[in-house]
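*Asks:* Sharing a structure, written as structure tokens. Questions coming.
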Amino acid sequence: MITGQDEAEAARQLREKIAAQFGRSLHIRTLDTGSCAVCEQEIRLLSAPHYDLHRLGFFFTPAPRHADLLLVTGPMVRAFEVAARKAYEAMPGPKMVVATGACALGGVYRPDPFVHGQVGAVLPVDVWIPGCPPSPLALLHGLSVAVGRLAEKTPGLTLIADGQSPGDGT
Amino acid sequence: MPLWFARGLRRGVVTTRYPARPDASAASLPTPPSFRPEKLTRDLVDLMIAVCPGPALRRADDALIFDVGTCTACGRCARAAPYAATPSGEFELAATNRAALVKTIPILGEQR
Amino acid sequence: MTAVEPRPAAGTREQLIRQLNGLGALEVRDRGGTQGAVTVRVLAESLEAATHVLAGTSGTRLADMFADTSSDGPVLRLVWAYEADQPGYIVLESGIEGEQYPPLSDIAPAAFVEECEIYEQFGVRPAGGKPLNRLMLPPHAATELPTLGREPSRLPEEVHAPHIVGGQAFEFPFGPVRQAGVESLYYGLVTSGEEVVDLYLFTWHKHRGVEWRLRGRTVLEAICLAERVEGLSAVAVGWAFAAAAEAAAGVTPPPAAARTRAVALELERLYNHAAATAALCQATGLSVGQSAAEIALERLLRVNAAAFGHRYLFGVIEPGGVSRAPDAEVLRRELPGAYDELRRSADALLSTNSFVDRLEACGILTAEQARRLGLVGPVARATGLAIDARRPAPGPYADHPVSVVTAADGDVFARFQVMLGEAAESVRLITQFLDNGTAADGTLVPPGVGTGLGWAESPRGEALAWVALDEDGRITRARLRPGSARNWRGFDDACRSQNVFTDIPIIEASFWLTAAGMAR
């Protein structure tokens with residue numbers, strides 16, 4: 001177990017390793033743990049002409065053995081847990097898990113007898129992508145962060161409006 | 001097939017340059033709110049928490065705790081408190097650390 | 001493909017109620033005056049006769065069936081749609097004595113799936129001992145899942161293929177994790193090689209227990225969840241749910257808000273039909289067609305974002321009205337080009353023989369099958385049934401009647417043609433609604449005891465909702481029935497009629513349902 005200040009260094013090393021291995025060609029498998037189907041539609045659009053994830057070296061694969069990254073939607077319905085673990089374990093290492101959408105991050109559904117409420121309850125998540133649904137642009141950003149190609153903005157975001165900018169209230 | 005080939009050539013390229021270049025369509029995406037600390041009061045924050053349909057907002061004494069990860073950008077908090085909450089315009093929210101998605105905003109408005 | 005007027009049917013509302021009264025109907029509760037749904041309560045011993053009356057009348061169909069608990073025991077509710085000159089709904093209500101009720105699916109086969117669901121949730125079953133299938137409850141659930149009523153005394157059997165094929169047929173499971181970017185869905189396929197002998201579906205791995213979760217919530221809290229039951233029908237299911245709450249409170253949205261709802265609903269129909277077109281191209285292996293349809297789809301989603309602030313129109317419907325009005329100027333400017341993209345792609349597809357050949361005579365459903373199973377939406381209209389939930393009053397379509405698009409052959413090609421016809425009709429309707437004026441407006445939905453039925457025509461068929469509210473306006477029972485919950489039962493039949501494995505994705509694309517809408 002890595003804790004404390006080792007964590008930042010380990011994360012940096014891991015990211016470099018990931019960028020070296022996945023930076024040029026990343027194979028993505030998708031996993032629906034109980035979504036409303038809209039996240040899937042946005043994911044499908046990644047291969048549509050407007051977004052074309054192939055130009056970034058990203059590819060979808062139906063085969064878990066070829067997959068580097070598991071893109072997971074939905075609140076992890078408990079009845080799906082066995083299938084989710086199998087999908088993850090069928091992927092050879094090194095591999096990453098990206099939880100995408102508010103449901104997968106703990107929003108919309110609280111934990112209860114039907115759902116875990118978040119993907120992280122069952123699978124080890126590496127990258128979280130908020131949105132309801134995350135748009136294809138947000139997904140491209142998240143995937144680029146996952147392979148270390150883009151720096152993430154979240155640590156620097158305060159979500160505090162400075163009061164100087166006009167900002168309409170709608 | 002020549003029909004499709006000709007159509008494709010005529011249609012041209014629609015592919016975005018994102019992430020190398022910004023994409024104009026991002027401007028109409030719904031985004032989580034940013035908050036104005038000087039407009040926040042405890043009562044207003046409690047009102048926003050009441051209208052939020054999810055677990056995104058919480059109050060800890062004089063701080064608003066905002067979990068962006070669970071925000072659906074529904075806009076109800078901004079409609080309840082339009083001077084305190086406005087769309088942030090941020091859609092590039094991916095994080096490698098879950099805690100980085102939980103933001104603390106101080107409540108600095110005057111109590112009435 | 002022609003836009004035809006629906007045939008007037010024999011059973012008008014007055015006639016049906018008169019016949020039910022003749023059976024000793026206890027109560028006719030009518031909040032909507034001459035419009036809206038009417039609830040008729042019959043004694044348990046008259047339920048079978050009442051079902052015969054309704055099922056036997058031409059032009060009526062069983063739209064939904066669900067149960068509820070009450071102080072006197074379980075209550076059964078059957079929602080019947082009648083297709084007279086002025087179409088509408090009758091909710092037939094009856095108490096259940098003991099653990100059994102009459103075998104209604106023998107009279108109305110459209111009730112079978114609901115009988116299975118009611119047994120799982122309330123522990124009551126039809127008399128006669130017909131085997132019931134497992135529906136929402138997972139077979140290997142480690143924990144007991146809460147139900148809406150009393151648990152069944154014995155859990156239902158697994159679903160097995162009803163046909164036994166002599167010789168070499170074998171059964172294999174497919175899913176729930178499937179190819180990239182599609183929902184989890186489990187098929188059991190029975191085959192003797194290439195052809196589909198039988199096919200059955202499970203969706204319990206996506207069952208989120210939404211009806212259970214909505215209990216105790218206010219309508220305002222609940223609508224966010226209702227929209228996300230089947231996100232691709234967010235406007236339709238949200239509208240049906242809001243309308244049910246409004247009917248329970250005896251209010252209607254102001255006309256401009258109702259027109260806003262209709263604009264959003266038609267935009268939802270447009271993008272879904274574009275997405276179905278793309279899926280059809282993908283299933284038939286026509287990549288260029290898929291790309292062309294995806295360009296149209298993306299443009300339509302951007303129109304949604306520009307007009308209503310969300311690509312999938314979440315958050316537009318509110319109890320009592322709408323939260324925002326469309327940006328009419330942007331919509332008028334951007335929609336024609338986006339729709340034109342779809343229309344030109346569709347024209348090119350219709351001229352591509354290799355594509356059309358794959359669609360014709362594939363996945364055939366007859367009107368009789370559609371009627372018997374109670375199918376809705378483009379799937380039913382493609383067999384010739386002119387069913388459309390935009391026709392029953394009240395609603396914004398009263399002043400802007402819809403030309404219902406039907407086809408005759410019931411195959412994938414017919415469904416595709418119906419979708420294209422509907423897309424053109426949607427654009428026409430949006431223009432009319434904008435011309436007549438839209439607004440971000442609403443009416444207060446006062447808290448109070450009441451029950452109500454709401455409906456909307458989703459892209460995949462009629463979406464229904466029914467709510468019971470207590471004196472604080474909190475939900476005691478919410479029933480959500482998206483179009484998918486009705487139409488998946490037709491998928492088995494469509495795949496069975498002389499189709500091979502590679503036809504299954506094509507038929508699935510032509511249905512354009514969701515697992516989420518079935519599983520809830």
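Residues in the structure tokens are numbered from 1 in each chain, the chains being A, B, ... in the order shown, and ligands are numbered from 1 in the order shown.
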Per residue of chain B within 9 Å of chain A, note the shortest atom pair and the distance in Å to one decimal, counting only C-alpha atoms, and order the rows by chain and increasing residue number, as a tab-separated table.

*Replies:*
residue	atom	partner	partner_atom	distance
B:Val13	CA	A:Pro49	CA	8.0
B:Val14	CA	A:His50	CA	5.4
B:Thr15	CA	A:His50	CA	4.2
B:Thr16	CA	A:His50	CA	5.7
B:Arg17	CA	A:Tyr51	CA	8.4
B:Tyr18	CA	A:Leu137	CA	7.4
B:Pro19	CA	A:His141	CA	6.9
B:Asp23	CA	A:Leu137	CA	8.3
B:Ala26	CA	A:Leu137	CA	7.6
B:Leu29	CA	A:Ser135	CA	7.9
B:Pro30	CA	A:Gly131	CA	8.8
B:Thr31	CA	A:Gly131	CA	8.0
B:Pro32	CA	A:Leu159	CA	8.5
B:Pro33	CA	A:Leu159	CA	7.0
B:Ser34	CA	A:Leu159	CA	4.3
B:Phe35	CA	A:Ile160	CA	4.9
B:Arg36	CA	A:Ala161	CA	5.1
B:Pro37	CA	A:Ile160	CA	7.1
B:Glu38	CA	A:Gly163	CA	8.8
B:Pro53	CA	A:Val108	CA	7.7
B:Gly54	CA	A:Val108	CA	5.5
B:Pro55	CA	A:Gly107	CA	6.2
B:Ala56	CA	A:Gly107	CA	7.2
B:Phe66	CA	A:Leu159	CA	8.9
B:Val68	CA	A:Pro130	CA	7.0
B:Gly69	CA	A:Pro130	CA	4.9
B:Thr70	CA	A:Gly107	CA	4.0
B:Cys71	CA	A:Ala102	CA	6.4
B:Thr72	CA	A:Cys132	CA	4.9
B:Ala73	CA	A:Cys132	CA	7.2
B:Cys74	CA	A:Cys132	CA	8.7
B:Gly75	CA	A:Thr170	CA	8.0
B:Ala78	CA	A:Gly169	CA	6.9
B:Arg79	CA	A:Thr170	CA	7.2
B:Ala81	CA	A:Gly169	CA	8.7
B:Pro82	CA	A:Gly169	CA	5.0
B:Tyr83	CA	A:Gly169	CA	6.7
B:Ala84	CA	A:Gly169	CA	8.7
B:Ala85	CA	A:Gly169	CA	7.3
B:Thr86	CA	A:Gly169	CA	5.2
B:Pro87	CA	A:Gly169	CA	7.4
B:Ser88	CA	A:Leu159	CA	6.8
B:Glu90	CA	A:Leu159	CA	8.9
B:Phe91	CA	A:Ala138	CA	6.0
B:Glu92	CA	A:Ala138	CA	5.5
B:Leu93	CA	A:Thr154	CA	5.7
B:Ala94	CA	A:Ile129	CA	4.4
B:Ala95	CA	A:Trp128	CA	5.3
B:Thr96	CA	A:Val127	CA	4.5
B:Asn97	CA	A:Val127	CA	7.1
B:Arg98	CA	A:Trp128	CA	6.8
B:Ala100	CA	A:Pro155	CA	5.4
B:Leu101	CA	A:Thr154	CA	6.6
B:Lys103	CA	A:Thr158	CA	6.5
B:Thr104	CA	A:Thr158	CA	7.8
B:Ile105	CA	A:Ile160	CA	6.7

*Asks:* Would you pick out the contacts of B:Glu110 at 12 Å or less, using only C-alpha atoms, so that residues sharing its chain but fewer than 3 positions from it are not included, and give the list as number ranges by chain?

*Replies:* B: 37-44, 62, 107

*Asks:* Per residue of chain C within 8 Å of chain A, record the nearest atom pair and its distance in Å to one decimal, counting only C-alpha atoms, with rows in chain order and ascending residue number, as a Markdown table.

*Replies:*
| residue | atom | partner | partner_atom | distance |
| --- | --- | --- | --- | --- |
| C:Pro138 | CA | A:Ala79 | CA | 6.2 |
| C:His140 | CA | A:Ala79 | CA | 7.7 |
| C:Ala141 | CA | A:Ala79 | CA | 6.3 |
| C:Thr143 | CA | A:Pro113 | CA | 7.6 |
| C:Glu144 | CA | A:Pro113 | CA | 7.9 |
| C:Leu145 | CA | A:Pro113 | CA | 6.1 |
| C:Pro146 | CA | A:Pro113 | CA | 7.2 |
| C:Pro176 | CA | A:Ala83 | CA | 7.7 |
| C:Val177 | CA | A:Leu31 | CA | 6.5 |
| C:Arg178 | CA | A:Pro62 | CA | 7.0 |
| C:Gln179 | CA | A:Pro62 | CA | 4.7 |
| C:Ala180 | CA | A:Thr30 | CA | 5.4 |
| C:Gly181 | CA | A:Arg44 | CA | 5.1 |
| C:Val182 | CA | A:Glu40 | CA | 5.9 |
| C:Glu183 | CA | A:Asp32 | CA | 5.7 |
| C:Ser184 | CA | A:Asp32 | CA | 5.5 |
| C:Trp204 | CA | A:Ala79 | CA | 7.2 |
| C:His205 | CA | A:Phe80 | CA | 4.9 |
| C:Lys206 | CA | A:Gly34 | CA | 4.5 |
| C:His207 | CA | A:Val77 | CA | 7.1 |
| C:Arg208 | CA | A:Phe114 | CA | 5.6 |
| C:Gly209 | CA | A:Phe114 | CA | 6.3 |
| C:Leu225 | CA | A:Val108 | CA | 7.4 |
| C:Arg228 | CA | A:Cys36 | CA | 5.5 |
| C:Val229 | CA | A:Cys36 | CA | 5.8 |
| C:Glu230 | CA | A:Cys36 | CA | 5.0 |
| C:Gly231 | CA | A:Cys36 | CA | 4.9 |
| C:Leu232 | CA | A:Val38 | CA | 5.9 |
| C:Ser291 | CA | A:Ala48 | CA | 6.1 |
| C:Glu294 | CA | A:Ala48 | CA | 5.8 |
| C:Ile295 | CA | A:Pro49 | CA | 6.4 |
| C:Glu298 | CA | A:His50 | CA | 7.4 |
| C:Tyr312 | CA | A:Val38 | CA | 7.7 |
| C:Thr514 | CA | A:Ala37 | CA | 6.8 |
| C:Ala515 | CA | A:Ala37 | CA | 7.9 |
| C:Ala516 | CA | A:Cys36 | CA | 5.4 |
| C:Gly517 | CA | A:Cys36 | CA | 7.7 |

*Asks:* Restricted to N, CA and C atoms, what would the selected residues look like written as a CSV table (one decimal), in the first residue's frame?

*Replies:*
chain,number,residue,atom,x,y,z
C,138,PRO,N,-32.9,-10.6,-9.9
C,138,PRO,CA,-31.7,-11.5,-10.3
C,138,PRO,C,-31.8,-12.8,-9.7
C,140,HIS,N,-29.3,-14.7,-8.7
C,140,HIS,CA,-28.2,-15.0,-7.8
C,140,HIS,C,-28.1,-13.9,-6.7
C,141,ALA,N,-29.2,-13.1,-6.5
C,141,ALA,CA,-29.1,-12.0,-5.6
C,141,ALA,C,-28.7,-12.5,-4.2
C,143,THR,N,-28.4,-10.6,-1.5
C,143,THR,CA,-29.2,-9.9,-0.5
C,143,THR,C,-30.7,-9.9,-1.0
C,144,GLU,N,-31.6,-9.8,-0.1
C,144,GLU,CA,-33.0,-9.8,-0.5
C,144,GLU,C,-33.3,-8.4,-1.1
C,145,LEU,N,-33.8,-8.3,-2.2
C,145,LEU,CA,-34.2,-7.0,-2.8
C,145,LEU,C,-35.5,-6.6,-2.3
C,146,PRO,N,-35.7,-5.3,-1.9
C,146,PRO,CA,-37.0,-4.9,-1.4
C,146,PRO,C,-38.0,-5.0,-2.6
C,176,PRO,N,-24.2,-10.1,-20.6
C,176,PRO,CA,-24.7,-8.8,-20.8
C,176,PRO,C,-23.7,-7.8,-21.3
C,177,VAL,N,-22.4,-8.0,-21.1
C,177,VAL,CA,-21.4,-7.1,-21.6
C,177,VAL,C,-21.2,-7.4,-23.1
C,178,ARG,N,-21.5,-6.4,-24.0
C,178,ARG,CA,-21.5,-6.7,-25.4
C,178,ARG,C,-20.4,-5.8,-26.1
C,179,GLN,N,-20.7,-5.5,-27.3
C,179,GLN,CA,-19.6,-4.7,-28.1
C,179,GLN,C,-19.6,-3.3,-27.5
C,180,ALA,N,-18.6,-2.5,-28.1
C,180,ALA,CA,-18.3,-1.2,-27.5
C,180,ALA,C,-19.5,-0.2,-27.6
C,181,GLY,N,-19.7,0.5,-26.5
C,181,GLY,CA,-20.7,1.6,-26.6
C,181,GLY,C,-22.1,1.2,-26.6
C,182,VAL,N,-22.5,-0.1,-26.3
C,182,VAL,CA,-23.9,-0.4,-26.2
C,182,VAL,C,-24.2,-0.8,-24.8
C,183,GLU,N,-25.5,-0.8,-24.5
C,183,GLU,CA,-25.9,-1.1,-23.1
C,183,GLU,C,-25.8,-2.6,-22.8
C,184,SER,N,-25.7,-2.9,-21.5
C,184,SER,CA,-25.7,-4.3,-21.1
C,184,SER,C,-27.0,-4.9,-21.4
C,204,TRP,N,-32.5,-7.9,-15.8
C,204,TRP,CA,-32.5,-7.7,-14.3
C,204,TRP,C,-31.1,-7.1,-13.9
C,205,HIS,N,-30.1,-7.3,-14.7
C,205,HIS,CA,-28.8,-6.7,-14.3
C,205,HIS,C,-28.8,-5.2,-14.4
C,206,LYS,N,-29.8,-4.6,-14.9
C,206,LYS,CA,-29.9,-3.1,-14.9
C,206,LYS,C,-31.1,-2.6,-14.1
C,207,HIS,N,-31.7,-3.5,-13.3
C,207,HIS,CA,-32.8,-3.1,-12.5
C,207,HIS,C,-32.4,-2.2,-11.4
C,208,ARG,N,-32.7,-0.9,-11.4
C,208,ARG,CA,-32.3,0.0,-10.4
C,208,ARG,C,-33.4,0.2,-9.4
C,209,GLY,N,-34.6,-0.4,-9.5
C,209,GLY,CA,-35.6,-0.2,-8.5
C,209,GLY,C,-36.2,1.2,-8.4
C,225,LEU,N,-35.2,11.7,-11.4
C,225,LEU,CA,-35.0,10.3,-11.6
C,225,LEU,C,-35.9,9.7,-12.7
C,228,ARG,N,-34.4,10.0,-16.0
C,228,ARG,CA,-33.2,9.1,-16.2
C,228,ARG,C,-33.6,7.6,-16.1
C,229,VAL,N,-34.8,7.3,-16.1
C,229,VAL,CA,-35.2,5.9,-16.2
C,229,VAL,C,-34.7,5.4,-17.6
C,230,GLU,N,-35.1,6.2,-18.6
C,230,GLU,CA,-34.6,5.9,-20.0
C,230,GLU,C,-34.2,7.2,-20.6
C,231,GLY,N,-33.0,7.6,-20.4
C,231,GLY,CA,-32.5,8.9,-20.8
C,231,GLY,C,-32.7,9.3,-22.2
C,232,LEU,N,-32.7,8.3,-23.1
C,232,LEU,CA,-33.0,8.6,-24.5
C,232,LEU,C,-34.5,9.0,-24.7
C,291,SER,N,-21.6,6.9,-40.9
C,291,SER,CA,-20.9,8.2,-40.6
C,291,SER,C,-21.8,9.4,-41.0
C,294,GLU,N,-24.4,9.8,-38.5
C,294,GLU,CA,-23.9,10.3,-37.2
C,294,GLU,C,-23.6,11.8,-37.3
C,295,ILE,N,-23.3,12.2,-38.5
C,295,ILE,CA,-23.1,13.7,-38.7
C,295,ILE,C,-24.4,14.4,-38.4
C,298,GLU,N,-25.2,14.3,-34.7
C,298,GLU,CA,-24.4,15.2,-33.9
C,298,GLU,C,-25.0,16.6,-34.1
C,312,TYR,N,-29.4,16.3,-24.6
C,312,TYR,CA,-30.4,15.3,-24.5
C,312,TYR,C,-31.7,15.8,-23.8
C,514,THR,N,-34.3,0.5,-25.3
C,514,THR,CA,-33.2,0.5,-24.4
C,514,THR,C,-33.4,-0.6,-23.4
C,515,ALA,N,-32.3,-1.1,-22.9
C,515,ALA,CA,-32.5,-2.1,-21.8
C,515,ALA,C,-32.9,-1.3,-20.5
C,516,ALA,N,-32.4,-0.1,-20.4
C,516,ALA,CA,-32.7,0.7,-19.2
C,516,ALA,C,-34.2,0.9,-19.1
C,517,GLY,N,-34.9,1.2,-20.2
C,517,GLY,CA,-36.4,1.4,-20.1
C,517,GLY,C,-37.2,0.2,-19.7

*Asks:* Find, counting only C-alpha atoms, the residue in B:Ala20, B:Val45, B:Ala6, B:Val51 that gets nearest to chain C.

*Replies:* B:Val51

*Asks:* Please identify every residue of chain C that has at least one atom no more than 8 Å from any atom of chain B, counting only C-alpha atoms, and report them as a VMD selection string.

*Replies:* chain C and resid 221 224 288 to 289 302 305 to 306 309 to 311 314 to 315 348 352

*Asks:* Based on the backbone DSSP call, show me all residues of stretch 137-282 of chain C assigned helix (DSSP H, G or I), as a ChimeraX atom specification.

*Replies:* /C:204-206,210-214,219-227,231-249,255-282

*Asks:* One decimal, in Å: what's the spacing between atom CA of C:Gly421 and atom CA of C:Val405?

*Replies:*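 Between these atoms lies a distance of 6.2 Å.
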
*Asks:* Can you work out the spacing between atom CA of A:Ala20 and atom CA of A:Gly93 in Å, to one decimal?

*Replies:*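 Computing the Euclidean distance for atom CA of A:Ala20 and atom CA of A:Gly93 yields 14.4 Å.
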
*Asks:* Quick one: of C:Ile107, C:Ala465, C:Ala127, C:Leu513, who's nearest to C:Ala248, counting only C-alpha atoms?

*Replies:*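 The shortest atom-to-atom distance to C:Ala248 comes from C:Ala465.
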
*Asks:* To one decimal in Å, tell me the separation between atom CA of C:Val418 and atom CA of C:Ile506.

*Replies:*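 Computing the Euclidean distance for atom CA of C:Val418 and atom CA of C:Ile506 yields 15.7 Å.
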
*Asks:* Give me, as a list of chain:residue names, all polymer residues having an atom no more than 8 Å from A:Tyr88, counting only C-alpha atoms and skipping those fewer than 2 positions away in the same chain.

*Replies:*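 Counting only C-alpha atoms, the residues come to A:Pro64, A:Leu70, A:Ala84, A:Arg85, A:Lys86, A:Ala90, A:Met91, A:Leu123.
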
*Asks:* For the residues selected in the previous step, produce a file with C-alpha atoms as a PDB file, in the first residue's frame.

*Replies:*
ATOM      1  CA  PRO A  64     -11.345  -7.804 -23.052  1.00  0.00           C
ATOM      2  CA  LEU A  70     -12.270  -0.029 -19.131  1.00  0.00           C
ATOM      3  CA  ALA A  84     -18.388  -6.215 -13.790  1.00  0.00           C
ATOM      4  CA  ARG A  85     -15.649  -8.048 -11.895  1.00  0.00           C
ATOM      5  CA  LYS A  86     -15.373 -10.627 -14.651  1.00  0.00           C
ATOM      6  CA  ALA A  90     -10.599 -10.620 -18.114  1.00  0.00           C
ATOM      7  CA  MET A  91      -8.402  -7.684 -19.070  1.00  0.00           C
ATOM      8  CA  LEU A 123     -13.688  -1.603  -9.286  1.00  0.00           C
TER       9      LEU A 123
END

*Asks:* Would you return as a list in words the members of stretch 102-337 of chain C that DSSP assigns to strand (DSSP E or B) on this structure's backbone?

*Replies:*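 DSSP on the backbone gives strand (DSSP E or B) at Arg125, Pro126, Asn133, Glu157, Phe170, Glu171, Phe172, Pro173, Phe174, Tyr186, Tyr187, Gly188, Leu189, Val190, Thr191, Glu195, Val196, Val197, Asp198, Leu199, Tyr200, Leu201, Phe202, Thr218, Ile317, Glu318, Gly321 and Val322 of chain C.
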
*Asks:* Using only C-alpha atoms, which residues sit within 10 Å of C:Ile507 once same-chain residues fewer than 3 positions away are excluded, as JSON, numbers by chain?

*Replies:* {"C": [280, 283, 359, 362, 363, 364, 411, 412, 413, 415, 491, 494, 495, 499, 502, 503, 504, 510, 511, 512]}

*Asks:* Which polymer residues have any atom within 8 Å of an atom of C:Trp80, counting only C-alpha atoms, with same-chain residues fewer than 4 positions away left out, as a VMD selection string?

*Replies:* chain C and resid 54 60 to 64 89 to 92

*Asks:* Those selected residues, please, written with C-alpha atoms and delivered as a short mmCIF file (atom, residue, chain, number, x, y, z; two decimals), in the first residue's frame.

*Replies:*
data_model
loop_
_atom_site.label_atom_id
_atom_site.label_comp_id
_atom_site.auth_asym_id
_atom_site.auth_seq_id
_atom_site.Cartn_x
_atom_site.Cartn_y
_atom_site.Cartn_z
CA LEU C 54 -62.44 -4.16 -22.98
CA THR C 60 -58.97 -0.93 -27.48
CA ARG C 61 -55.62 -2.22 -26.29
CA LEU C 62 -54.09 -3.02 -22.94
CA ALA C 63 -51.43 -0.36 -22.49
CA ASP C 64 -50.18 -1.37 -19.03
CA TYR C 89 -57.50 5.96 -21.54
CA ILE C 90 -59.54 3.98 -19.03
CA VAL C 91 -57.86 2.78 -15.85
CA LEU C 92 -59.66 -0.35 -14.67
#

*Asks:* Could you pull the residues within 9 Å of C:Arg477, counting only C-alpha atoms, minus those fewer than 5 positions along the same chain, as a list in words?

*Replies:*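 So the residues in contact are Asp68, Thr69, Leu148, Glu211, Trp212, Leu214, Arg215, Gly216, Trp466, Val467, Ala468 and Leu469 of chain C.
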